[in-house]
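J.: One file: protein.tsv (TSV, C-alpha atoms).
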chain	number	residue	atom	x	y	z
Z	1	MET	CA	-10.31	12.16	-2.49
Z	2	ALA	CA	-9.33	9.25	-4.70
Z	3	TYR	CA	-6.11	9.42	-6.66
Z	4	SER	CA	-7.11	9.74	-10.31
Z	5	GLY	CA	-3.92	8.63	-12.01
Z	6	ARG	CA	-2.37	5.26	-12.62
Z	7	PRO	CA	0.63	5.41	-10.28
Z	8	GLY	CA	1.70	1.81	-10.76
Z	9	ARG	CA	2.00	2.15	-14.52
Z	10	ASP	CA	3.43	5.67	-14.39
Z	11	LEU	CA	6.00	4.80	-11.75
Z	12	VAL	CA	7.11	1.63	-13.47
Z	13	SER	CA	7.60	3.35	-16.80
Z	14	SER	CA	9.44	6.29	-15.25
Z	15	THR	CA	11.93	4.12	-13.38
Z	16	LYS	CA	12.89	2.55	-16.69
Z	17	ALA	CA	14.21	5.92	-17.86
Z	18	GLY	CA	17.87	6.19	-18.71
Z	19	LYS	CA	20.39	6.94	-16.00
Z	20	GLY	CA	20.90	10.41	-17.41
Z	21	ASP	CA	17.20	11.26	-17.03
Z	22	LEU	CA	16.89	11.49	-13.25
Z	23	SER	CA	15.21	14.91	-12.84
Z	24	SER	CA	13.56	15.09	-9.42
Z	25	ALA	CA	14.04	11.36	-8.86
Z	26	THR	CA	17.64	11.92	-7.77
Z	27	ILE	CA	17.18	12.66	-4.10
Z	28	GLU	CA	20.03	14.55	-2.47
Z	29	THR	CA	19.69	16.51	0.74
Z	30	ASP	CA	20.72	20.14	0.24
Z	31	PRO	CA	21.35	21.65	3.70
Z	32	ARG	CA	21.11	25.18	2.27
Z	33	ARG	CA	17.49	24.53	1.27
Z	34	SER	CA	16.67	22.23	4.24
Z	35	LEU	CA	15.41	19.53	1.90
Z	36	GLY	CA	14.59	16.06	3.11
Z	37	PRO	CA	14.92	12.75	1.29
Z	38	THR	CA	11.68	13.45	-0.61
Z	39	GLN	CA	13.34	16.57	-2.12
Z	40	ARG	CA	10.90	18.87	-0.35
Z	41	PRO	CA	11.50	21.35	2.49
Z	42	ILE	CA	10.84	19.57	5.78
Z	43	PRO	CA	8.11	21.25	7.85
Z	44	THR	CA	8.43	21.45	11.61
Z	45	PHE	CA	5.79	19.25	13.21
Z	46	PRO	CA	4.98	20.33	16.76
Z	47	GLU	CA	5.43	18.09	19.78
Z	48	PRO	CA	1.92	16.73	20.39
Z	49	GLU	CA	0.16	17.71	23.59
Z	50	PRO	CA	-1.40	14.84	25.61
Z	51	PRO	CA	-5.15	14.62	24.91
Z	52	ALA	CA	-7.54	15.80	27.59
Z	53	GLU	CA	-9.70	12.72	26.98
Z	54	HIS	CA	-9.67	9.60	24.82
Z	55	GLY	CA	-11.87	8.75	21.85
Z	56	PRO	CA	-13.60	8.54	19.55
Z	57	ALA	CA	-10.93	6.67	17.61
Z	58	ARG	CA	-9.88	7.26	14.04
Z	59	ILE	CA	-9.63	3.85	12.34
Z	60	VAL	CA	-6.72	3.56	9.90
Z	61	SER	CA	-5.86	0.61	7.65
Z	62	ILE	CA	-2.16	-0.04	6.99
Z	63	CYS	CA	-2.55	-1.51	3.53
Z	64	ASN	CA	-0.56	-2.78	0.56
Z	65	GLN	CA	-1.21	-6.05	-1.26
Z	66	LYS	CA	2.52	-6.64	-1.69
Z	67	GLY	CA	4.20	-8.41	1.18
Z	68	GLY	CA	7.44	-7.32	2.79
Z	69	VAL	CA	6.94	-3.56	2.40
Z	70	GLY	CA	6.80	-2.73	6.11
Z	71	LYS	CA	3.08	-2.89	6.96
Z	72	THR	CA	3.51	-4.78	10.21
Z	73	THR	CA	6.65	-2.89	11.20
Z	74	THR	CA	4.80	0.38	10.61
Z	75	THR	CA	1.71	-0.74	12.53
Z	76	ILE	CA	3.77	-1.75	15.57
Z	77	ASN	CA	6.11	1.21	15.65
Z	78	LEU	CA	3.68	3.93	14.65
Z	79	GLY	CA	1.29	2.59	17.30
Z	80	ALA	CA	4.04	2.61	19.92
Z	81	ALA	CA	5.12	6.14	18.97
Z	82	LEU	CA	1.53	7.39	19.17
Z	83	ALA	CA	1.21	5.76	22.59
Z	84	GLU	CA	4.45	7.46	23.63
Z	85	TYR	CA	2.75	10.77	22.82
Z	86	GLY	CA	-0.11	9.93	25.18
Z	87	ARG	CA	-2.56	8.47	22.67
Z	88	LYS	CA	-4.49	5.31	23.45
Z	89	VAL	CA	-4.03	2.89	20.58
Z	90	LEU	CA	-5.59	-0.42	19.56
Z	91	LEU	CA	-3.74	-2.57	17.02
Z	92	VAL	CA	-5.78	-5.06	14.97
Z	93	ASP	CA	-3.91	-8.03	13.53
Z	94	PHE	CA	-5.94	-8.71	10.39
Z	95	ASP	CA	-3.46	-11.05	8.73
Z	96	PRO	CA	-3.81	-14.85	9.12
Z	97	GLN	CA	0.00	-15.08	9.37
Z	98	GLY	CA	-0.25	-13.35	12.75
Z	99	ALA	CA	2.93	-11.35	12.15
Z	100	LEU	CA	1.71	-8.43	14.25
Z	101	SER	CA	1.03	-10.72	17.20
Z	102	VAL	CA	4.45	-12.39	16.83
Z	103	GLY	CA	6.18	-9.01	16.46
Z	104	LEU	CA	4.76	-7.96	19.81
Z	105	GLY	CA	6.17	-10.98	21.59
Z	106	LYS	CA	3.01	-13.10	21.79
Z	107	GLY	CA	4.80	-16.29	20.78
Z	108	ASP	CA	3.08	-18.82	18.55
Z	109	PRO	CA	-0.29	-17.27	17.65
Z	110	ARG	CA	-1.68	-20.77	17.02
Z	111	GLN	CA	-1.74	-21.24	20.80
Z	112	LEU	CA	-4.18	-18.35	21.34
Z	113	ASP	CA	-7.62	-19.46	22.51
Z	114	VAL	CA	-9.54	-16.54	21.03
Z	115	THR	CA	-8.58	-14.20	18.19
Z	116	ILE	CA	-10.08	-11.77	15.71
Z	117	HIS	CA	-11.51	-14.83	13.95
Z	118	ASN	CA	-13.84	-15.45	16.90
Z	119	LEU	CA	-14.85	-11.78	16.94
Z	120	LEU	CA	-15.84	-11.86	13.27
Z	121	LEU	CA	-17.83	-15.09	13.30
Z	122	GLU	CA	-19.23	-15.57	16.80
Z	123	ARG	CA	-22.10	-13.28	17.77
Z	124	ASP	CA	-21.50	-13.71	21.51
Z	125	THR	CA	-17.81	-12.66	21.29
Z	126	GLU	CA	-16.97	-9.00	21.97
Z	127	TRP	CA	-13.71	-7.17	21.37
Z	128	GLU	CA	-13.13	-7.00	25.14
Z	129	ASP	CA	-13.03	-10.82	25.18
Z	130	ILE	CA	-9.98	-11.03	22.93
Z	131	VAL	CA	-8.01	-7.80	23.55
Z	132	ILE	CA	-4.59	-8.38	25.12
Z	133	GLU	CA	-1.80	-6.20	26.49
Z	134	THR	CA	1.26	-5.50	24.35
Z	135	GLY	CA	3.75	-4.46	27.01
Z	136	VAL	CA	3.54	-0.88	25.73
Z	137	ASP	CA	1.64	1.53	27.95
Z	138	GLY	CA	-1.45	2.79	26.14
Z	139	MET	CA	-1.32	0.21	23.33
Z	140	GLU	CA	-3.42	-2.98	23.14
Z	141	LEU	CA	-3.87	-5.72	20.56
Z	142	LEU	CA	-6.60	-7.77	18.93
Z	143	PRO	CA	-4.53	-10.84	17.93
Z	144	SER	CA	-4.83	-13.15	14.95
Z	145	ASN	CA	-3.67	-16.56	13.76
Z	146	ILE	CA	-4.14	-18.95	10.85
Z	147	ASP	CA	-7.81	-19.46	11.75
Z	148	LEU	CA	-8.50	-16.09	10.15
Z	149	SER	CA	-7.76	-17.56	6.71
Z	150	GLY	CA	-11.00	-19.54	6.95
Z	151	ALA	CA	-13.03	-16.48	7.86
Z	152	GLU	CA	-12.77	-15.07	4.35
Z	153	VAL	CA	-14.55	-18.12	2.93
Z	154	GLN	CA	-17.19	-18.09	5.66
Z	155	LEU	CA	-17.88	-14.37	5.32
Z	156	VAL	CA	-18.73	-14.70	1.62
Z	157	HIS	CA	-22.19	-15.99	2.53
Z	158	GLU	CA	-22.90	-13.36	5.20
Z	159	VAL	CA	-25.32	-10.50	4.60
Z	160	GLY	CA	-23.39	-7.22	4.56
Z	161	ARG	CA	-20.12	-9.16	4.50
Z	162	GLU	CA	-18.02	-6.06	3.78
Z	163	TYR	CA	-19.15	-4.42	7.04
Z	164	ILE	CA	-18.54	-7.26	9.54
Z	165	LEU	CA	-15.31	-5.80	10.98
Z	166	SER	CA	-16.86	-2.34	11.15
Z	167	GLY	CA	-19.65	-3.70	13.33
Z	168	CYS	CA	-17.19	-5.58	15.53
Z	169	LEU	CA	-15.14	-2.44	16.23
Z	170	LYS	CA	-18.08	-0.09	16.71
Z	171	SER	CA	-18.12	-0.35	20.49
Z	172	ALA	CA	-14.31	-0.09	20.75
Z	173	VAL	CA	-14.12	3.33	19.09
Z	174	ASP	CA	-14.95	5.29	22.24
Z	175	HIS	CA	-12.14	3.63	24.21
Z	176	TYR	CA	-9.21	4.61	21.95
Z	177	ASP	CA	-7.77	7.54	20.05
Z	178	TYR	CA	-6.53	5.46	17.11
Z	179	ILE	CA	-7.22	1.95	15.84
Z	180	LEU	CA	-4.57	0.69	13.41
Z	181	ILE	CA	-5.43	-2.33	11.25
Z	182	ASP	CA	-2.53	-4.40	9.90
Z	183	CYS	CA	-3.97	-5.78	6.64
Z	184	GLN	CA	-2.91	-9.00	4.96
Z	185	PRO	CA	-0.92	-8.77	1.69
Z	186	SER	CA	-3.92	-9.24	-0.59
Z	187	LEU	CA	-6.95	-7.34	-1.83
Z	188	GLY	CA	-9.51	-9.94	-0.76
Z	189	LEU	CA	-12.58	-9.71	1.45
Z	190	LEU	CA	-10.60	-9.21	4.67
Z	191	THR	CA	-8.84	-6.16	3.26
Z	192	ILE	CA	-12.15	-4.83	1.91
Z	193	ASN	CA	-13.57	-5.21	5.45
Z	194	ALA	CA	-10.65	-3.22	6.85
Z	195	LEU	CA	-11.11	-0.43	4.30
Z	196	ALA	CA	-14.86	-0.36	4.89
Z	197	ALA	CA	-14.28	0.13	8.63
Z	198	SER	CA	-11.62	2.82	8.22
Z	199	ALA	CA	-11.61	6.59	7.99
Z	200	GLY	CA	-8.23	6.51	6.28
Z	201	VAL	CA	-5.66	4.24	4.67
Z	202	LEU	CA	-1.89	4.53	5.12
Z	203	ILE	CA	0.14	2.92	2.33
Z	204	PRO	CA	3.69	1.76	3.10
Z	205	LEU	CA	5.61	1.56	-0.16
Z	206	GLU	CA	9.08	0.05	-0.33
Z	207	CYS	CA	11.57	2.21	-2.24
Z	208	GLU	CA	12.19	-0.57	-4.73
Z	209	TYR	CA	11.11	-1.06	-8.36
Z	210	PHE	CA	9.01	-4.21	-7.93
Z	211	ALA	CA	7.13	-2.74	-4.97
Z	212	MET	CA	5.57	-0.19	-7.31
Z	213	ARG	CA	4.13	-2.62	-9.83
Z	214	GLY	CA	0.94	-3.31	-7.88
Z	215	VAL	CA	0.22	0.25	-6.81
Z	216	ALA	CA	-2.31	0.87	-9.60
Z	217	LEU	CA	-4.35	-2.18	-8.54
Z	218	LEU	CA	-4.31	-1.05	-4.91
Z	219	MET	CA	-5.48	2.45	-5.88
Z	220	GLU	CA	-8.26	0.99	-8.03
Z	221	THR	CA	-9.44	-1.10	-5.07
Z	222	ILE	CA	-9.43	1.96	-2.80
Z	223	GLU	CA	-11.42	3.91	-5.40
Z	224	LYS	CA	-13.99	1.10	-5.63
Z	225	VAL	CA	-14.37	1.04	-1.85
Z	226	GLN	CA	-14.78	4.82	-1.87
Z	227	GLY	CA	-17.40	4.64	-4.61
Z	228	ARG	CA	-19.43	1.66	-3.44
Z	229	ILE	CA	-18.84	0.93	0.26
Z	230	ASN	CA	-17.15	3.74	2.21
Z	231	PRO	CA	-17.41	7.17	0.55
Z	232	SER	CA	-15.67	8.88	3.48
Z	233	LEU	CA	-12.47	6.83	3.11
Z	234	VAL	CA	-9.41	8.98	2.40
Z	235	ILE	CA	-5.75	8.25	1.73
Z	236	ASP	CA	-3.97	9.43	4.87
Z	237	GLY	CA	-0.61	9.17	3.17
Z	238	VAL	CA	2.04	7.14	1.36
Z	239	LEU	CA	5.06	6.14	3.42
Z	240	GLY	CA	8.41	5.42	1.80
Z	241	THR	CA	10.03	2.44	3.56
Z	242	MET	CA	13.33	0.55	3.35
Z	243	TYR	CA	15.00	3.66	1.99
Z	244	ASP	CA	18.77	3.67	1.55
Z	245	SER	CA	20.21	7.04	0.53
Z	246	ARG	CA	23.46	5.36	-0.54
Z	247	THR	CA	21.84	3.70	-3.54
Z	248	LEU	CA	20.78	5.52	-6.70
Z	249	HIS	CA	17.93	3.06	-7.22
Z	250	THR	CA	16.07	3.86	-3.97
Z	251	ARG	CA	16.58	7.59	-4.52
Z	252	GLU	CA	15.12	7.28	-8.02
Z	253	VAL	CA	12.15	5.26	-6.80
Z	254	LEU	CA	11.39	7.68	-3.98
Z	255	GLY	CA	11.48	10.52	-6.47
Z	256	ARG	CA	8.98	8.74	-8.73
Z	257	ILE	CA	6.71	8.09	-5.74
Z	258	VAL	CA	6.69	11.81	-4.95
Z	259	GLU	CA	6.03	12.64	-8.62
Z	260	ALA	CA	3.02	10.31	-8.65
Z	261	PHE	CA	1.48	11.05	-5.25
Z	262	GLY	CA	2.68	14.58	-4.49
Z	263	ASP	CA	1.77	15.88	-1.05
Z	264	GLN	CA	0.19	12.56	-0.11
Z	265	VAL	CA	3.74	11.26	0.44
Z	266	PHE	CA	4.89	11.72	4.02
Z	267	HIS	CA	8.01	13.80	4.56
Z	268	THR	CA	9.13	11.11	6.99
Z	269	VAL	CA	10.98	8.23	5.31
Z	270	ILE	CA	11.79	4.94	7.02
Z	271	ASN	CA	15.37	3.89	6.38
Z	272	ARG	CA	16.50	0.31	5.95
Z	273	THR	CA	18.19	-0.92	9.13
Z	274	VAL	CA	18.91	-4.26	10.82
Z	275	ARG	CA	17.48	-2.90	14.07
Z	276	PHE	CA	13.91	-3.53	12.87
Z	277	PRO	CA	14.29	-7.32	12.51
Z	278	ASP	CA	16.27	-7.35	15.76
Z	279	ALA	CA	13.36	-5.62	17.51
Z	280	THR	CA	10.92	-8.11	15.96
Z	281	VAL	CA	12.91	-11.04	17.31
Z	282	ALA	CA	12.85	-9.38	20.73
Z	283	GLY	CA	9.07	-8.90	20.43
Z	284	GLU	CA	9.26	-5.16	21.07
Z	285	PRO	CA	8.68	-1.93	19.14
Z	286	ILE	CA	11.88	-0.22	18.04
Z	287	THR	CA	11.02	2.65	20.40
Z	288	TYR	CA	11.43	0.22	23.32
Z	289	PHE	CA	14.14	-2.03	21.91
Z	290	ASP	CA	16.48	0.75	20.80
Z	291	PRO	CA	14.86	4.07	21.78
Z	292	ASN	CA	17.70	6.27	20.51
Z	293	SER	CA	18.07	4.55	17.14
Z	294	MET	CA	17.44	6.14	13.76
Z	295	GLY	CA	14.43	3.86	13.28
Z	296	ALA	CA	12.84	4.83	16.59
Z	297	ASN	CA	13.28	8.52	15.85
Z	298	ALA	CA	11.86	8.04	12.34
Z	299	TYR	CA	8.65	6.55	13.70
Z	300	ARG	CA	8.38	9.30	16.31
Z	301	GLY	CA	8.71	11.76	13.42
Z	302	LEU	CA	6.01	9.88	11.51
Z	303	ALA	CA	3.74	9.99	14.57
Z	304	ARG	CA	4.12	13.77	14.81
Z	305	GLU	CA	3.46	14.10	11.09
Z	306	VAL	CA	0.34	11.90	11.04
Z	307	LEU	CA	-1.06	13.60	14.14
Z	308	ASP	CA	-0.65	16.95	12.42
Z	309	ARG	CA	-2.23	15.60	9.22
Z	310	TRP	CA	-5.12	13.92	11.05
Z	311	ARG	CA	-5.73	17.14	13.00
Z	312	ARG	CA	-6.09	19.05	9.73
Z	313	LEU	CA	-8.36	16.37	8.28
Z	314	GLY	CA	-10.62	16.78	11.31
Translate this file's structure into structure tokens.
T.:
Amino acid sequence: MAYSGRPGRDLVSSTKAGKGDLSSATIETDPRRSLGPTQRPIPTFPEPEPPAEHGPARIVSICNQKGGVGKTTTTINLGAALAEYGRKVLLVDFDPQGALSVGLGKGDPRQLDVTIHNLLLERDTEWEDIVIETGVDGMELLPSNIDLSGAEVQLVHEVGREYILSGCLKSAVDHYDYILIDCQPSLGLLTINALAASAGVLIPLECEYFAMRGVALLMETIEKVQGRINPSLVIDGVLGTMYDSRTLHTREVLGRIVEAFGDQVFHTVINRTVRFPDATVAGEPITYFDPNSMGANAYRGLAREVLDRWRRLG
């Protein structure tokens, strides 16, 4: 169901409140009440059982038009954590910058012979022709590079241009449990294609004032897609990223996010840590690079939470 408020405007105005007016925005963990950083009691999410069979996949867009909020980091590490729990995962790099491909150790994406660009625009190219291994058991990748930036212009003249990606992924659905699409930081035709192909959208939101300013525009875009293109699209959840419990500012912002989105906000929060960029340089998910780190455990917690939420969504 679409969010009916204006979270960008509401959140921005509420974070301008005086320091004495913190209410639920001041996030402090109270061990007596077992509260988490979102100031809500933390449920126990069960350890997922391995699936008896794979597919059909749930397609999920990782989307936010602001850059640097953790979309690619979340796509890589959530995918790796889901694979660790026995799920078969396909990652789709849908950003011309190719950050997802680079973050999985694929070197310079400009050197790739075939990418998602070929899949979108060439009728004789199938997803099997471009899929590559990631080094993570159970997780594969449809790579991207700068060529994808030209696809948006070319797709404008195509009939049913919003559904091109959906058609390209149709035959891949039966081979995976989850397909995660790393969207580019914009609300253009590529992002609309991702939302049109998806059952759900996961929104990483940095716990920082400026990250909230564009939320209203993102929600309006999702509502338009729901109303005109993909009525079954739902918001799978809002993920607080780059959280630092030592700073009042990030605690305030996280509180305002919870006030605006309520139960759509995941209990799991991704803390700011240097281990994420270190893992990116190494070309590995944090669950491989530093499996016992706080970041790795956070994404395992997110995987358990989303699996529980997706199970309840059916």
J.: In Å to one decimal, how far is CA of Tyr209 in chain Z from CA of Gln226 in chain Z?
T.: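 That distance, rounded to one decimal, is 27.3 Å.
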J.: For range 238-254 of chain Z, please output as an mmCIF file with C-alpha atoms, keeping the file's coordinate frame all residues within 6 Å (counting only C-alpha atoms; exclusion window: fewer than 3 positions along the same chain).
T.:
data_model
loop_
_atom_site.group_PDB
_atom_site.id
_atom_site.type_symbol
_atom_site.label_atom_id
_atom_site.label_comp_id
_atom_site.auth_asym_id
_atom_site.auth_seq_id
_atom_site.Cartn_x
_atom_site.Cartn_y
_atom_site.Cartn_z
ATOM 1 C CA ALA Z 25 14.040 11.360 -8.860
ATOM 2 C CA THR Z 26 17.640 11.920 -7.770
ATOM 3 C CA ILE Z 27 17.180 12.660 -4.100
ATOM 4 C CA ILE Z 203 0.140 2.920 2.330
ATOM 5 C CA PRO Z 204 3.690 1.760 3.100
ATOM 6 C CA LEU Z 205 5.610 1.560 -0.160
ATOM 7 C CA GLU Z 206 9.080 0.050 -0.330
ATOM 8 C CA CYS Z 207 11.570 2.210 -2.240
ATOM 9 C CA GLU Z 208 12.190 -0.570 -4.730
ATOM 10 C CA ILE Z 257 6.710 8.090 -5.740
ATOM 11 C CA GLN Z 264 0.190 12.560 -0.110
ATOM 12 C CA VAL Z 265 3.740 11.260 0.440
ATOM 13 C CA PHE Z 266 4.890 11.720 4.020
ATOM 14 C CA VAL Z 269 10.980 8.230 5.310
ATOM 15 C CA ILE Z 270 11.790 4.940 7.020
ATOM 16 C CA ASN Z 271 15.370 3.890 6.380
ATOM 17 C CA ARG Z 272 16.500 0.310 5.950
#
J.: Counting only C-alpha atoms, what is within 8 Å of Ile179 in chain Z, bar same-chain residues fewer than 2 positions away, as a list of chain:residue names?
T.: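 My list of contacting residues is Z:Ala57, Z:Arg58, Z:Ile59, Z:Val60, Z:Val89, Z:Leu90, Z:Leu91, Z:Val92, Z:Val173, Z:Tyr176, Z:Asp177, Z:Ile181.
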J.: Here's a test: counting all atoms listed in the file, identify every protein, DNA and RNA residue with an atom at most 12 Å from (-19.8, 3.3, 24.6) in the file's coordinate frame, and state them as a PyMOL selection string.
T.: chain Z and resi 54-57+169-176
J.: Which residues are close to range 187-193 of chain Z, i.e. within 8 Å by only C-alpha atoms, leaving aside same-chain residues fewer than 5 positions away? Reply as number ranges by chain.
T.: Z: 63, 65, 94, 152, 156, 161-166, 218, 221, 225
J.: What separation in Å, quoted to one decimal, exists between CA of Ala81 in chain Z and CA of Thr287 in chain Z?
T.: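 Computing it gives 7.0 Å between the two atoms.
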J.: List as a VMD selection string the residues having at least one atom at most 9 Å from position (-17.5, -13.7, 14.0) as given in the file, counting all atoms listed in the file.
T.: chain Z and resid 116 to 125 151 155 164 to 165 168
J.: Contacts of range 297-313 of chain Z at 9 Å or less, counting all atoms listed in the file, minus same-chain residues fewer than 4 places along, as a ChimeraX atom specification?
T.: /Z:44-48,58,74,77-82,84-85,236-237,239,266-271,286-287,291-293
